[in-house]
Amino acid sequence: MKTPYDILLRPIITERSMEAVDQKKYVFEVARDANKIEIRKAVEEVFGVAVLSVNTINMQGKEKRQGAHIGRRSAWKKAIIRLRPDSKTIEFFEGMV
């Protein structure tokens, strides 16, 4: 059985994701085999918040070159978590906005 820390790999900290924090939307890199229900339960357990919705996106790895050699970065999965209006915020993101 997977723990919540196996499902939530890392937060995505970009300008675009930080603008969405005001709307109670948070972005995480998640395990590729995790579904929306598992992601919802993991966020609620780790951060103690109430999740309204979970949207997931499978991100394809980018093609990269080093000289004549062409390689590819790993594909990964992104989850956009939206909290209920009456839920508390995730404190991890508080100082970054």
# chains A, B, ... in the order shown; residues from 1 in each chain; ligands from 1
call {"tool": "residues_around", "arguments": {"residues": "A:Arg32", "least_positions_apart": "4", "cutoff": "12 Å", "atoms": "only C-alpha atoms", "output": "compact mmCIF listing (two decimals) with C-alpha atoms, in the first residue's frame"}}
result
# COMPACT_ATOMS: atom_id res chain seq x y z
CA ASP A 6 4.61 8.10 -2.14
CA ILE A 7 1.76 9.80 -4.01
CA LEU A 8 2.70 13.48 -3.49
CA LEU A 9 6.24 13.79 -4.82
CA PHE A 28 1.94 19.09 -7.16
CA LYS A 36 -7.66 11.39 -8.42
CA GLU A 38 -5.75 8.65 -4.04
CA ILE A 39 -4.41 12.18 -4.64
CA THR A 56 -4.58 15.74 -13.38
CA ILE A 57 -2.38 16.20 -16.43
CA ASN A 58 0.11 13.72 -17.89
CA MET A 59 3.15 15.79 -18.89
CA GLN A 60 5.31 14.40 -21.68
CA SER A 74 11.09 11.50 -18.05
CA ALA A 75 7.34 11.94 -18.37
CA TRP A 76 5.53 12.93 -15.16
CA LYS A 77 2.08 13.63 -13.79
CA LYS A 78 0.84 16.99 -12.50
CA ALA A 79 -2.14 17.47 -10.18
call {"tool": "residues_around", "arguments": {"residues": "stretch 47-51 of chain A", "least_positions_apart": "4", "cutoff": "10 Å", "atoms": "only C-alpha atoms", "output": "VMD selection string"}}
result
chain A and resid 24 to 25 39 to 43 81 to 92
call {"tool": "atom_distance", "arguments": {"atom1": "atom CA of A:Asn35", "atom2": "atom CA of A:Ile13"}}
result
21.8 Å
call {"tool": "residues_around", "arguments": {"residues": "A:Ile80", "least_positions_apart": "4", "cutoff": "6 Å", "atoms": "only C-alpha atoms", "output": "PyMOL selection string"}}
result
chain A and resi 26-27+54-55
call {"tool": "closest_residue", "arguments": {"among": "A:Gly67, A:Ala34, A:Phe93, A:Glu44", "to": "A:Ile12", "atoms": "only C-alpha atoms"}}
result
A:Phe93
call {"tool": "select_by_dssp", "arguments": {"residues": "chain A", "states": "alpha helix (DSSP H)", "output": "PyMOL selection string"}}
result
chain A and resi 4-7+15-19+36-47
call {"tool": "write_last_selection", "arguments": {"atoms": "C-alpha atoms", "output": "tab-separated table (two decimals), in the first residue's frame"}}
result
chain	number	residue	atom	x	y	z
A	4	PRO	CA	0.58	9.77	1.01
A	5	TYR	CA	4.25	10.68	0.65
A	6	ASP	CA	4.61	8.10	-2.14
A	7	ILE	CA	1.76	9.80	-4.01
A	15	GLU	CA	4.90	32.01	-11.28
A	16	ARG	CA	1.73	30.56	-12.76
A	17	SER	CA	1.12	28.16	-9.87
A	18	MET	CA	1.77	30.89	-7.29
A	19	GLU	CA	-0.85	33.16	-8.91
A	36	LYS	CA	-7.66	11.39	-8.42
A	37	ILE	CA	-9.18	9.67	-5.38
A	38	GLU	CA	-5.75	8.65	-4.04
A	39	ILE	CA	-4.41	12.18	-4.64
A	40	ARG	CA	-7.38	13.74	-2.81
A	41	LYS	CA	-6.94	11.46	0.21
A	42	ALA	CA	-3.18	12.08	0.31
A	43	VAL	CA	-3.57	15.89	0.30
A	44	GLU	CA	-6.29	15.79	2.95
A	45	GLU	CA	-4.19	13.52	5.18
A	46	VAL	CA	-0.87	15.34	4.83
A	47	PHE	CA	-2.09	18.95	5.02
call {"tool": "atom_distance", "arguments": {"atom1": "atom CA of A:Arg10", "atom2": "atom CA of A:Glu29"}}
result
5.3 Å
call {"tool": "atom_distance", "arguments": {"atom1": "atom CA of A:Asp33", "atom2": "atom CA of A:Ser53"}}
result
18.3 Å
call {"tool": "select_by_dssp", "arguments": {"residues": "chain A", "states": "strand (DSSP E or B)", "output": "ChimeraX atom specification"}}
result
/A:8-11,25-30,51-59,63-66,69-72,76-83
call {"tool": "write_last_selection", "arguments": {"atoms": "N, CA and C atoms", "output": "short mmCIF file (atom, residue, chain, number, x, y, z; two decimals), in the first residue's frame"}}
result
data_model
loop_
_atom_site.label_atom_id
_atom_site.label_comp_id
_atom_site.auth_asym_id
_atom_site.auth_seq_id
_atom_site.Cartn_x
_atom_site.Cartn_y
_atom_site.Cartn_z
N LEU A 8 2.31 12.07 -3.30
CA LEU A 8 2.70 13.48 -3.49
C LEU A 8 4.21 13.55 -3.52
N LEU A 9 4.78 13.80 -4.69
CA LEU A 9 6.24 13.79 -4.82
C LEU A 9 6.86 15.14 -4.47
N ARG A 10 6.32 16.23 -5.03
CA ARG A 10 6.87 17.55 -4.73
C ARG A 10 5.90 18.63 -5.18
N PRO A 11 5.93 19.80 -4.56
CA PRO A 11 5.10 20.91 -5.04
C PRO A 11 5.74 21.54 -6.26
N LYS A 25 -5.84 27.16 -5.23
CA LYS A 25 -5.42 26.09 -6.12
C LYS A 25 -3.93 25.86 -5.90
N TYR A 26 -3.56 24.59 -5.76
CA TYR A 26 -2.17 24.22 -5.50
C TYR A 26 -1.76 23.14 -6.50
N VAL A 27 -0.50 23.18 -6.91
CA VAL A 27 -0.02 22.28 -7.95
C VAL A 27 1.08 21.39 -7.38
N PHE A 28 0.98 20.08 -7.65
CA PHE A 28 1.94 19.09 -7.16
C PHE A 28 2.34 18.15 -8.29
N GLU A 29 3.57 17.66 -8.21
CA GLU A 29 3.96 16.51 -9.03
C GLU A 29 3.55 15.28 -8.23
N VAL A 30 2.87 14.36 -8.88
CA VAL A 30 2.36 13.17 -8.20
C VAL A 30 2.86 11.92 -8.91
N VAL A 51 -10.55 19.08 0.27
CA VAL A 51 -10.33 19.23 -1.17
C VAL A 51 -11.68 19.28 -1.89
N LEU A 52 -11.83 20.26 -2.79
CA LEU A 52 -13.03 20.39 -3.60
C LEU A 52 -12.91 19.59 -4.89
N SER A 53 -11.76 19.73 -5.59
CA SER A 53 -11.58 19.01 -6.86
C SER A 53 -10.11 18.74 -7.11
N VAL A 54 -9.87 17.73 -7.96
CA VAL A 54 -8.52 17.37 -8.37
C VAL A 54 -8.52 17.24 -9.89
N ASN A 55 -7.64 17.97 -10.55
CA ASN A 55 -7.44 17.83 -11.99
C ASN A 55 -6.03 17.30 -12.21
N THR A 56 -5.89 16.32 -13.12
CA THR A 56 -4.58 15.74 -13.38
C THR A 56 -4.21 15.92 -14.85
N ILE A 57 -2.91 16.03 -15.09
CA ILE A 57 -2.38 16.20 -16.43
C ILE A 57 -1.15 15.32 -16.55
N ASN A 58 -1.08 14.50 -17.60
CA ASN A 58 0.11 13.72 -17.89
C ASN A 58 1.03 14.58 -18.74
N MET A 59 2.20 14.92 -18.20
CA MET A 59 3.15 15.79 -18.89
C MET A 59 4.17 14.92 -19.62
N GLU A 63 12.24 16.69 -25.25
CA GLU A 63 13.41 16.18 -25.97
C GLU A 63 14.57 17.14 -25.73
N LYS A 64 15.73 16.60 -25.38
CA LYS A 64 16.90 17.42 -25.10
C LYS A 64 18.09 16.90 -25.90
N ARG A 65 18.97 17.82 -26.27
CA ARG A 65 20.16 17.45 -27.03
C ARG A 65 21.41 17.82 -26.27
N GLN A 66 22.41 16.98 -26.44
CA GLN A 66 23.75 17.32 -25.98
C GLN A 66 24.68 16.97 -27.13
N HIS A 69 23.83 13.93 -29.68
CA HIS A 69 22.96 12.95 -29.03
C HIS A 69 21.64 13.57 -28.62
N ILE A 70 20.57 12.87 -28.93
CA ILE A 70 19.24 13.34 -28.58
C ILE A 70 18.68 12.39 -27.52
N GLY A 71 18.20 12.97 -26.43
CA GLY A 71 17.61 12.18 -25.36
C GLY A 71 16.25 12.74 -24.99
N ARG A 72 15.63 12.15 -24.01
CA ARG A 72 14.32 12.60 -23.58
C ARG A 72 14.26 12.61 -22.07
N TRP A 76 5.97 12.82 -16.54
CA TRP A 76 5.53 12.93 -15.16
C TRP A 76 4.07 13.35 -15.13
N LYS A 77 3.49 13.30 -13.95
CA LYS A 77 2.08 13.63 -13.79
C LYS A 77 1.93 14.83 -12.86
N LYS A 78 1.08 15.78 -13.27
CA LYS A 78 0.84 16.99 -12.50
C LYS A 78 -0.60 16.98 -12.00
N ALA A 79 -0.81 17.38 -10.76
CA ALA A 79 -2.14 17.47 -10.18
C ALA A 79 -2.40 18.89 -9.70
N ILE A 80 -3.55 19.43 -10.08
CA ILE A 80 -3.98 20.75 -9.61
C ILE A 80 -5.09 20.52 -8.60
N ILE A 81 -4.82 20.90 -7.36
CA ILE A 81 -5.73 20.66 -6.24
C ILE A 81 -6.47 21.95 -5.94
N ARG A 82 -7.79 21.89 -5.89
CA ARG A 82 -8.60 23.06 -5.52
C ARG A 82 -9.27 22.77 -4.19
N LEU A 83 -9.08 23.68 -3.23
CA LEU A 83 -9.64 23.50 -1.89
C LEU A 83 -11.02 24.13 -1.79
#
